[in-house]
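Shown next: entry12.txt, given as compact mmCIF, C-alpha atoms.
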```
# COMPACT_ATOMS: atom_id res chain seq x y z
CA MET U 1480 121.86 77.14 126.56
CA ASN U 1481 124.58 79.04 124.72
CA ALA U 1482 125.66 82.13 126.71
CA ALA U 1483 124.74 84.61 123.96
CA LEU U 1484 121.28 83.05 123.55
CA ALA U 1485 120.78 83.01 127.32
CA MET U 1486 121.71 86.70 127.43
CA LEU U 1487 119.17 87.53 124.70
CA LYS U 1488 116.50 85.60 126.60
CA GLU U 1489 117.31 87.38 129.86
CA ARG U 1490 116.99 90.77 128.16
CA GLY U 1491 113.67 89.96 126.45
CA PHE U 1492 114.88 89.17 122.91
CA PHE U 1493 113.39 85.68 122.74
CA GLN U 1494 109.94 84.60 121.62
CA GLN U 1495 110.28 81.56 119.32
CA CYS U 1496 113.19 79.56 117.92
CA THR U 1497 113.03 76.93 115.19
CA ASP U 1498 115.47 74.68 117.12
CA THR U 1499 116.87 76.12 120.33
CA GLU U 1500 119.06 73.14 121.13
CA GLY U 1501 120.51 72.93 117.63
CA LEU U 1502 121.20 76.67 117.43
CA SER U 1503 122.74 76.70 120.91
CA SER U 1504 125.06 73.82 119.97
CA LEU U 1505 126.11 75.58 116.75
CA MET U 1506 126.88 78.85 118.57
CA ASP U 1507 128.94 76.98 121.17
CA LYS U 1508 131.23 75.76 118.37
CA GLY U 1509 132.21 79.25 117.21
CA PRO U 1510 130.96 82.43 115.53
CA VAL U 1511 127.80 82.18 113.44
CA THR U 1512 126.64 84.62 110.77
CA PHE U 1513 123.09 85.88 111.18
CA TYR U 1514 120.91 88.52 109.59
CA CYS U 1515 117.96 90.77 110.22
CA GLY U 1516 116.25 92.94 107.68
CA CYS U 1517 113.96 95.89 107.15
CA ASP U 1518 112.20 97.30 104.12
CA PRO U 1519 112.86 100.94 103.14
CA THR U 1520 109.20 101.93 103.00
CA GLY U 1521 110.02 105.38 104.39
CA PRO U 1522 113.00 107.74 104.63
CA SER U 1523 113.76 106.83 108.23
CA LEU U 1524 113.67 103.89 110.58
CA HIS U 1525 111.62 104.25 113.74
CA ILE U 1526 112.40 102.79 117.15
CA GLY U 1527 110.18 99.75 116.53
CA HIS U 1528 112.47 98.72 113.67
CA MET U 1529 115.47 98.77 115.96
CA VAL U 1530 114.73 95.83 118.29
CA PRO U 1531 116.50 93.27 116.03
CA PHE U 1532 119.40 95.68 115.52
CA PHE U 1533 119.88 96.05 119.29
CA ALA U 1534 119.98 92.24 119.40
CA MET U 1535 122.54 92.37 116.58
CA ARG U 1536 124.78 94.61 118.68
CA HIS U 1537 124.60 92.14 121.57
CA LEU U 1538 125.37 89.16 119.31
CA ARG U 1539 128.30 90.95 117.71
CA ALA U 1540 129.67 91.76 121.17
CA ALA U 1541 129.48 88.02 121.87
CA GLY U 1542 131.67 87.32 118.82
CA HIS U 1543 129.11 86.58 116.12
CA ASN U 1544 128.77 88.22 112.69
CA GLY U 1545 125.70 90.23 111.71
CA ILE U 1546 124.23 91.24 108.35
CA ALA U 1547 121.84 94.17 108.10
CA LEU U 1548 119.70 93.53 105.03
CA VAL U 1549 117.74 96.43 103.57
CA GLY U 1550 114.96 95.35 101.23
CA GLY U 1551 115.49 97.51 98.18
CA GLY U 1552 113.90 94.67 96.23
CA THR U 1553 111.14 93.46 98.56
CA ALA U 1554 110.00 97.04 99.21
CA ARG U 1555 108.78 97.03 95.61
CA ILE U 1556 106.08 94.61 96.78
CA GLY U 1557 105.49 95.19 100.49
CA ASP U 1558 105.32 92.75 103.37
CA PRO U 1559 101.73 91.86 104.42
CA SER U 1560 102.93 90.67 107.87
CA GLY U 1561 101.19 92.62 110.62
CA LYS U 1562 99.35 94.80 108.11
CA THR U 1563 95.59 95.07 107.65
CA GLU U 1564 95.83 96.58 104.18
CA MET U 1565 98.22 96.76 101.25
CA ARG U 1566 101.16 99.13 101.62
CA LYS U 1567 101.34 102.24 99.47
CA MET U 1568 103.44 101.57 96.37
CA LEU U 1569 106.62 103.64 96.07
CA THR U 1570 108.56 104.46 92.93
CA TYR U 1571 111.88 102.70 92.48
CA ASP U 1572 113.70 106.03 92.84
CA GLN U 1573 111.96 106.67 96.18
CA ILE U 1574 112.94 103.20 97.40
CA ASP U 1575 116.58 103.69 96.36
CA ALA U 1576 116.71 107.07 98.13
CA ASN U 1577 115.23 105.53 101.28
CA VAL U 1578 117.83 102.73 101.14
CA GLU U 1579 120.68 105.24 101.22
CA ARG U 1580 119.23 107.15 104.18
CA ILE U 1581 118.53 103.97 106.15
CA LYS U 1582 121.98 102.61 105.36
CA GLU U 1583 123.48 105.76 106.92
CA GLN U 1584 121.31 105.37 110.04
CA LEU U 1585 122.27 101.72 110.46
CA ASP U 1586 125.94 102.42 109.84
CA ARG U 1587 125.95 104.95 112.68
CA PHE U 1588 124.28 102.40 114.96
CA ILE U 1589 126.03 99.20 113.86
CA GLY U 1590 129.29 100.33 112.26
CA PHE U 1591 129.68 98.35 109.04
CA ASP U 1592 133.18 96.90 108.79
CA GLY U 1593 132.49 94.28 106.13
CA LYS U 1594 133.40 91.48 108.54
CA SER U 1595 131.37 91.30 111.75
CA GLY U 1596 129.02 94.05 110.57
CA ILE U 1597 127.87 93.69 106.96
CA PHE U 1598 125.38 95.67 104.87
CA ASP U 1599 123.49 94.06 102.01
CA ASN U 1600 120.54 94.96 99.78
CA ASN U 1601 118.22 92.33 98.29
CA LYS U 1602 117.78 94.51 95.22
CA TYR U 1603 121.10 93.03 94.07
CA TRP U 1604 119.53 89.59 93.47
CA LEU U 1605 115.79 90.31 93.23
CA ALA U 1606 115.61 93.20 90.76
CA GLU U 1607 116.71 91.19 87.72
CA LEU U 1608 115.09 87.85 88.55
CA ASN U 1609 113.61 85.88 85.68
CA TYR U 1610 110.08 85.20 86.91
CA ILE U 1611 109.61 81.89 85.06
CA ASP U 1612 112.95 80.54 86.33
CA PHE U 1613 112.13 81.76 89.85
CA LEU U 1614 108.78 79.94 89.86
CA ARG U 1615 110.37 76.72 88.58
CA ASP U 1616 113.30 76.81 90.99
CA ILE U 1617 111.83 78.43 94.12
CA GLY U 1618 108.03 78.51 93.78
CA SER U 1619 107.92 74.74 93.37
CA CYS U 1620 109.24 74.38 96.95
CA PHE U 1621 106.22 76.11 98.51
CA SER U 1622 102.81 74.76 99.46
CA VAL U 1623 99.97 77.27 99.15
CA ASN U 1624 98.00 75.32 101.75
CA ARG U 1625 100.82 75.68 104.26
CA MET U 1626 101.41 79.35 103.46
CA LEU U 1627 97.77 80.08 104.27
CA THR U 1628 98.17 78.59 107.75
CA PHE U 1629 100.60 81.35 108.77
CA GLU U 1630 99.03 84.11 110.84
CA ALA U 1631 100.14 86.95 108.56
CA TYR U 1632 98.23 85.51 105.61
CA LYS U 1633 95.25 84.31 107.65
CA LYS U 1634 94.63 87.84 108.92
CA ARG U 1635 94.94 89.39 105.49
CA MET U 1636 92.57 86.86 103.96
CA GLU U 1637 89.82 88.54 105.97
CA THR U 1638 90.44 91.96 104.40
CA GLY U 1639 91.91 90.98 101.05
CA LEU U 1640 95.36 89.72 100.08
CA SER U 1641 96.79 90.65 96.70
CA PHE U 1642 98.74 88.12 94.63
CA LEU U 1643 101.58 90.65 94.67
CA GLU U 1644 101.84 90.42 98.47
CA PHE U 1645 101.35 86.65 98.41
CA ASN U 1646 104.74 86.43 96.69
CA TYR U 1647 106.48 88.18 99.59
CA GLN U 1648 107.17 85.04 101.60
CA LEU U 1649 108.90 83.45 98.61
CA LEU U 1650 111.12 86.49 98.19
CA GLN U 1651 112.09 86.72 101.88
CA SER U 1652 112.84 82.99 101.90
CA TYR U 1653 114.99 83.50 98.80
CA ASP U 1654 116.84 86.27 100.66
CA PHE U 1655 117.83 83.78 103.36
CA LEU U 1656 119.03 81.33 100.68
CA MET U 1657 121.08 84.03 98.94
CA LEU U 1658 122.64 85.26 102.19
CA ASN U 1659 123.52 81.68 103.06
CA GLU U 1660 125.32 81.37 99.72
CA ARG U 1661 126.93 84.84 99.81
CA HIS U 1662 127.93 84.99 103.48
CA ASN U 1663 127.35 81.50 104.94
CA CYS U 1664 124.47 83.00 106.94
CA CYS U 1665 122.72 80.34 109.04
CA LEU U 1666 120.43 82.34 111.35
CA GLN U 1667 117.65 84.85 110.70
CA ILE U 1668 116.37 87.04 113.55
CA GLY U 1669 113.37 89.36 113.62
CA GLY U 1670 110.07 90.30 115.20
CA ASP U 1671 107.55 87.57 115.90
CA ASP U 1672 105.31 88.82 113.08
CA GLN U 1673 108.05 87.46 110.78
CA TRP U 1674 107.81 83.89 112.13
CA GLY U 1675 106.06 82.47 109.07
CA ASN U 1676 108.54 84.07 106.66
CA ILE U 1677 111.52 82.92 108.72
CA VAL U 1678 110.30 79.32 109.00
CA ALA U 1679 109.65 79.28 105.24
CA GLY U 1680 113.23 80.43 104.62
CA CYS U 1681 114.63 77.66 106.81
CA ASP U 1682 112.51 75.11 104.91
CA LEU U 1683 113.66 76.43 101.54
CA ILE U 1684 117.35 76.12 102.42
CA ARG U 1685 116.78 72.63 103.76
CA ARG U 1686 115.08 71.64 100.50
CA LYS U 1687 117.63 73.29 98.21
CA LYS U 1688 120.88 72.59 100.07
CA GLY U 1689 120.09 69.82 102.53
CA ILE U 1690 121.42 71.78 105.52
CA ASP U 1691 119.87 73.09 108.74
CA VAL U 1692 119.60 76.79 109.38
CA TYR U 1693 117.76 78.55 112.17
CA GLY U 1694 115.25 81.25 112.99
CA LEU U 1695 114.79 83.29 116.17
CA THR U 1696 112.03 85.82 116.81
CA PHE U 1697 111.52 88.49 119.45
CA PRO U 1698 108.28 89.55 121.12
CA LEU U 1699 106.44 92.45 119.51
CA ILE U 1700 107.12 95.22 122.00
CA THR U 1701 104.13 96.89 123.64
CA ARG U 1702 103.77 99.30 126.53
CA SER U 1703 102.31 98.21 129.84
CA ASP U 1704 98.94 99.68 128.75
CA GLY U 1705 98.91 97.31 125.78
CA LYS U 1706 99.53 100.00 123.15
CA LYS U 1707 102.26 99.79 120.54
CA MET U 1708 105.64 100.92 121.80
CA GLY U 1709 107.16 103.94 120.04
CA LYS U 1710 103.90 105.63 119.04
CA THR U 1711 103.56 109.30 119.96
CA GLU U 1712 100.97 112.01 119.37
CA LYS U 1713 102.94 112.94 116.25
CA GLY U 1714 103.21 109.34 115.01
CA ALA U 1715 106.17 106.97 115.08
CA LEU U 1716 109.32 107.71 117.08
CA PHE U 1717 111.70 108.21 114.16
CA LEU U 1718 115.50 108.09 114.26
CA ASP U 1719 115.79 111.00 111.82
CA PRO U 1720 116.16 114.16 113.94
CA GLN U 1721 114.25 116.11 111.29
CA LEU U 1722 111.21 113.90 111.85
CA THR U 1723 111.53 113.43 115.64
CA SER U 1724 113.77 115.94 117.40
CA PRO U 1725 116.28 114.55 119.94
CA PHE U 1726 114.38 116.49 122.63
CA ASP U 1727 111.05 114.85 121.71
CA PHE U 1728 112.86 111.51 121.43
CA PHE U 1729 114.29 111.98 124.94
CA GLN U 1730 110.93 113.06 126.33
CA TYR U 1731 109.21 109.94 125.02
CA TRP U 1732 111.47 107.73 127.16
CA ARG U 1733 111.38 110.14 130.11
CA ASN U 1734 107.59 109.81 130.22
CA VAL U 1735 107.15 106.04 129.88
CA ALA U 1736 105.07 104.26 132.50
CA ASP U 1737 106.85 103.10 135.66
CA ALA U 1738 106.10 99.47 134.77
CA ASP U 1739 107.96 99.78 131.45
CA VAL U 1740 111.27 101.20 132.67
CA ARG U 1741 113.10 97.94 133.38
CA LYS U 1742 111.84 96.22 130.21
CA PHE U 1743 112.87 99.14 128.01
CA MET U 1744 116.26 99.43 129.70
CA LEU U 1745 116.91 95.75 128.96
CA LEU U 1746 115.88 96.10 125.32
CA PHE U 1747 117.09 99.58 124.36
CA THR U 1748 120.28 100.14 126.36
CA PHE U 1749 123.54 98.29 126.75
CA LEU U 1750 123.68 98.61 130.52
CA SER U 1751 124.29 95.31 132.31
CA VAL U 1752 121.34 93.55 133.91
CA PRO U 1753 122.67 94.02 137.49
CA GLU U 1754 123.19 97.73 136.82
CA ILE U 1755 119.66 98.04 135.43
CA ASP U 1756 118.21 96.29 138.47
CA GLN U 1757 120.09 98.64 140.75
CA ILE U 1758 118.84 101.71 138.85
CA VAL U 1759 115.16 100.69 138.81
CA CYS U 1760 115.22 99.87 142.53
CA GLY U 1761 115.93 103.53 143.30
CA ASP U 1762 114.03 106.73 142.48
CA ILE U 1763 111.81 105.83 139.51
CA ASN U 1764 111.99 109.35 138.05
CA LYS U 1765 115.78 109.23 138.08
CA ALA U 1766 115.56 105.81 136.47
CA LYS U 1767 113.37 107.23 133.69
CA GLU U 1768 115.81 110.08 133.20
CA ARG U 1769 118.66 107.58 132.92
CA LEU U 1770 116.67 105.48 130.44
CA ALA U 1771 115.94 108.55 128.32
CA TRP U 1772 119.58 109.66 128.34
CA GLU U 1773 120.93 106.19 127.50
CA VAL U 1774 118.60 105.55 124.55
CA THR U 1775 119.07 109.07 123.18
CA ALA U 1776 122.85 108.71 123.47
CA VAL U 1777 122.77 105.39 121.59
CA ILE U 1778 120.65 106.79 118.74
CA HIS U 1779 121.73 110.45 118.55
CA GLY U 1780 125.06 110.58 120.41
CA LYS U 1781 126.04 111.72 123.88
CA ALA U 1782 126.15 115.41 122.98
CA GLU U 1783 122.52 115.40 121.84
CA ALA U 1784 121.53 113.34 124.90
CA ASP U 1785 123.18 115.93 127.16
CA LYS U 1786 121.39 118.77 125.34
CA ALA U 1787 118.04 116.98 125.61
CA LEU U 1788 118.57 116.37 129.32
CA ALA U 1789 119.48 120.02 129.87
CA GLY U 1790 116.47 121.12 127.85
CA ALA U 1791 114.16 118.89 129.86
CA LYS U 1792 115.51 120.27 133.13
CA ALA U 1793 115.05 123.81 131.86
CA ALA U 1794 111.51 123.07 130.73
CA PHE U 1795 110.61 121.71 134.14
CA GLY U 1796 112.11 124.62 136.04
CA GLY U 1797 115.50 123.11 136.83
CA GLY U 1798 117.36 126.27 135.90
CA ALA U 1799 119.42 124.74 133.10
CA ASP U 1800 120.37 126.49 129.87
CA ARG U 1801 117.16 127.04 127.93
CA SER U 1802 119.00 127.03 124.62
CA SER U 1803 118.79 123.23 124.81
CA MET U 1804 114.99 123.34 124.64
CA PRO U 1805 113.09 123.01 121.35
CA THR U 1806 113.37 126.51 119.93
CA VAL U 1807 111.28 128.34 117.34
CA GLY U 1808 112.30 131.64 115.79
CA ILE U 1809 109.37 133.92 114.87
CA ASP U 1810 109.49 137.21 113.01
CA ALA U 1811 109.91 139.96 115.63
CA ALA U 1812 107.57 142.25 113.69
CA LEU U 1813 104.64 140.00 114.59
CA PHE U 1814 105.02 141.05 118.23
CA ASP U 1815 105.06 144.78 117.49
CA GLY U 1816 102.02 146.93 118.07
CA ALA U 1817 99.06 144.99 119.44
CA GLY U 1818 101.02 141.74 119.21
CA MET U 1819 100.32 138.19 118.03
CA ASN U 1820 97.25 136.20 119.02
CA ILE U 1821 98.10 133.37 121.45
CA VAL U 1822 96.20 130.81 119.34
CA ASP U 1823 98.28 131.73 116.29
CA LEU U 1824 101.47 131.59 118.36
CA TYR U 1825 100.76 128.06 119.60
CA CYS U 1826 100.30 126.98 115.98
CA GLU U 1827 103.44 128.80 114.76
CA ALA U 1828 105.44 127.16 117.56
CA LYS U 1829 104.10 123.75 116.42
CA LEU U 1830 102.68 123.10 119.87
CA CYS U 1831 99.28 122.56 118.28
CA ALA U 1832 98.36 121.15 114.89
CA SER U 1833 95.54 123.63 114.22
CA LYS U 1834 93.86 126.73 115.59
CA SER U 1835 90.93 124.70 116.84
CA ASP U 1836 93.37 122.45 118.75
CA ALA U 1837 95.02 125.53 120.26
CA ARG U 1838 91.68 127.03 121.33
CA ARG U 1839 90.65 123.72 122.87
CA LEU U 1840 93.97 123.45 124.72
CA ILE U 1841 93.56 126.92 126.21
CA GLN U 1842 89.88 126.45 127.09
CA GLN U 1843 90.69 123.14 128.80
CA ASN U 1844 93.42 124.75 130.95
CA GLY U 1845 96.33 123.01 129.23
CA ALA U 1846 98.28 126.11 128.10
CA TYR U 1847 101.00 127.70 130.22
CA ARG U 1848 103.68 130.38 130.05
CA ILE U 1849 106.86 129.53 132.00
CA ALA U 1850 108.94 132.29 133.59
CA SER U 1851 112.75 132.18 133.73
CA ASP U 1852 112.60 131.00 137.37
CA GLY U 1853 110.36 128.07 136.43
CA THR U 1854 107.12 129.65 137.63
CA GLU U 1855 104.16 128.59 135.50
CA MET U 1856 101.30 130.91 134.61
CA GLN U 1857 98.17 129.46 133.06
CA ILE U 1858 96.90 130.99 129.82
CA SER U 1859 93.12 131.04 129.85
CA ASP U 1860 92.16 133.73 127.30
CA VAL U 1861 92.00 132.63 123.63
CA SER U 1862 92.01 136.30 122.59
CA LEU U 1863 95.27 137.11 124.43
CA LEU U 1864 97.70 139.17 122.36
CA VAL U 1865 101.41 138.47 122.89
CA ASP U 1866 103.72 141.48 122.52
CA GLY U 1867 107.34 142.21 123.39
CA ARG U 1868 106.54 142.79 127.06
CA MET U 1869 105.79 139.09 127.56
CA PHE U 1870 109.36 138.09 126.67
CA ASP U 1871 111.85 137.81 129.54
CA GLU U 1872 115.12 139.68 130.00
CA GLN U 1873 116.87 137.17 127.72
CA GLY U 1874 114.34 137.91 124.98
CA GLU U 1875 112.68 134.49 125.33
CA LEU U 1876 109.16 133.24 125.85
CA VAL U 1877 108.59 129.62 126.92
CA LEU U 1878 105.19 128.02 126.35
CA ARG U 1879 103.88 124.65 127.45
CA ALA U 1880 101.11 122.61 125.85
CA GLY U 1881 99.72 119.88 128.07
CA LYS U 1882 102.17 118.10 130.36
CA LYS U 1883 104.97 117.24 127.96
CA LYS U 1884 105.28 119.67 125.04
CA PHE U 1885 107.40 122.82 125.33
CA ALA U 1886 108.67 125.49 122.99
CA ARG U 1887 111.16 128.33 123.54
CA ILE U 1888 110.11 131.29 121.39
CA ILE U 1889 112.74 133.77 120.23
CA ARG U 1890 112.26 136.79 117.99
CA LYS U 1891 114.27 136.88 114.80
```
Show the structure stored in the file as structure tokens.
Amino acid sequence: MNAALAMLKERGFFQQCTDTEGLSSLMDKGPVTFYCGCDPTGPSLHIGHMVPFFAMRHLRAAGHNGIALVGGGTARIGDPSGKTEMRKMLTYDQIDANVERIKEQLDRFIGFDGKSGIFDNNKYWLAELNYIDFLRDIGSCFSVNRMLTFEAYKKRMETGLSFLEFNYQLLQSYDFLMLNERHNCCLQIGGDDQWGNIVAGCDLIRRKKGIDVYGLTFPLITRSDGKKMGKTEKGALFLDPQLTSPFDFFQYWRNVADADVRKFMLLFTFLSVPEIDQIVCGDINKAKERLAWEVTAVIHGKAEADKALAGAKAAFGGGADRSSMPTVGIDAALFDGAGMNIVDLYCEAKLCASKSDARRLIQQNGAYRIASDGTEMQISDVSLLVDGRMFDEQGELVLRAGKKKFARIIRK
């Protein structure tokens, strides 16, 4: 097997390939151009979107050329793959705005140079398509019977599949054809839920151009407990620091299950396999800390990774600079006089989503105040009033909610 393919397989980026031997032989002959795509259905990518882009980084390092395709056109329809219901329709302006934000995120991660790292947007060839011409030229190459055998469509047939979504496979296949013509792209990579779309694209190019192209999919990443990787109490683990703070991002990786550490290091860091094996053979908590730092550094930069690490150590009583912890400024006047109710404070600090959640947290012994020396004091009274005397000599008050959520309160 080609060395780059073998490396992807060793790291967990290999589920199905349309022709492993043929692709391996092609890659042995020299650089190939490949692509992976994502639809701009929101203003930020989340970590689940990034698996193919980590693979892209590895393939580029091996000398191949990668295209990041953002679906400014296909997002107008919505991919039914892996979905139990139709996506919410966005306005064209919303989609265009999302494209620009996602392009910036991918550029920071990939580094578009127009040669080995290329950005493209399928809006350029889909937005002005003539529907009749498209049906004659492209739709005639597809069998409805075969399309319905693919898992994505079979699942949606149970809950309802709109004709709008049924067109999606034709459009993604057309993307592959256009990228082959624009950039000589001969390989599409993506999650295994895209298998049907990828195979259809390979078939379309074979029918239209009489050449072989290839598809490679990766496993859908789950945690050792079977749940979807990258899901938190607050939702998806977003790359946008305004949606998921670097501290919360770091803490997600710091708190993964022991059984997931090696797998996530292989997928979400660029450490070598021998180095990963050496790390996970040691102290598992240090290994988790290293995993958290590495992934945070890749996504947010080393400075933010260092701050998140320092904040985590401060939160857990390590004596580090608390300014690195998630910090909330609250009007100082609220702590004058009788003070501010603890339930209200937990909500203001965004440690709880509602007052009922805050009361429940306190009543179930999950609320703590942390002193400057790391000593933890349980908060058990929902009627507690917090005044200036509860702040330490630095004018700070640190609260914990459950095992993982912290907030440093300062008066402003």
Nearest residue to Val1777 (chain U) out of U:Lys1567, U:Arg1587, U:Arg1555, U:Lys1707, using all atoms listed in the file?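 Smallest separation from Val1777 (chain U) among the options: U:Arg1587.
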Could you name the residues that touch Glu1500 (chain U) at 12 Å or less, counting all atoms listed in the file, but leaving out those on the same chain fewer than 2 positions away, as a PyMOL selection string? chain U and resi 1480-1481+1484-1485+1496-1498+1502-1507+1693
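One finds CA of Val1807 (chain U) at 15.4 Å from CA of Pro1720 (chain U).
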Could you check which of U:Ile1763, U:Ala1886, U:Ala1789, U:Ile1849 is closest to Asp1871 (chain U), using all atoms listed in the file?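 Among the listed residues, the smallest separation from Asp1871 (chain U) belongs to U:Ile1849.
Closest approach to Asn1844 (chain U) among U:Leu1788, U:Ile1684, U:Met1856, U:Ile1778: U:Met1856, based on all atoms listed in the file.
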Would you mind telling me which residue in U:Ile1556, U:Gln1842, U:Ile1597, U:Gln1673 lies nearest to Phe1645 (chain U) when using all atoms listed in the file?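 The shortest atom-to-atom distance to Phe1645 (chain U) comes from U:Ile1556.
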Quick one: of U:Tyr1825, U:Phe1747, U:Tyr1847, U:Trp1604, who's nearest to Lys1882 (chain U), counting all atoms listed in the file?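 Once distances to Lys1882 (chain U) are computed over all atoms listed in the file, the minimum belongs to U:Tyr1847.
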Taking into account all atoms listed in the file, which residue in the set U:Phe1532, U:Lys1582, U:Gly1874, U:Arg1741 is nearest to Cys1760 (chain U)?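 The closest residue to Cys1760 (chain U) is U:Arg1741.
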note - CA of Leu1548 (chain U) and CA of Gly1516 (chain U) are separated by 4.4 Å
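Here CA of Ile1668 (chain U) and CA of Phe1697 (chain U) stand 7.8 Å from one another.
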Contact residues around Asp1815 (chain U) with only C-alpha atoms at 7 Å, ignoring same-chain residues under 3 positions, as an MDAnalysis selection string: chainID U and resid 1812 1818 1866:1867
As a PDB file with C-alpha atoms, keeping the file's coordinate frame, please: the residues near Asp1518 (chain U) (cut-off 6 Å, only C-alpha atoms, same-chain neighbours under 3 positions excluded).
```pdb
ATOM      1  CA  VAL U1549     117.740  96.430 103.570  1.00  0.00           C
ATOM      2  CA  GLY U1550     114.960  95.350 101.230  1.00  0.00           C
ATOM      3  CA  ALA U1554     110.000  97.040  99.210  1.00  0.00           C
TER       4      ALA U1554
END
```
So which residues touch Gly1714 (chain U) within 12 Å, counting all atoms listed in the file, skipping near sequence neighbours fewer than 2 positions away, as a VMD selection string? chain U and resid 1525 to 1527 1707 to 1712 1716 to 1717 1722 to 1723 1727 to 1728 1731
Extract, using all atoms listed in the file, all DNA, RNA and protein residues at most 9 Å from Glu1768 (chain U), discarding same-chain residues fewer than 5 positions from it, and format them as a ChimeraX atom specification. /U:1729-1730,1732-1734,1763,1773,1788
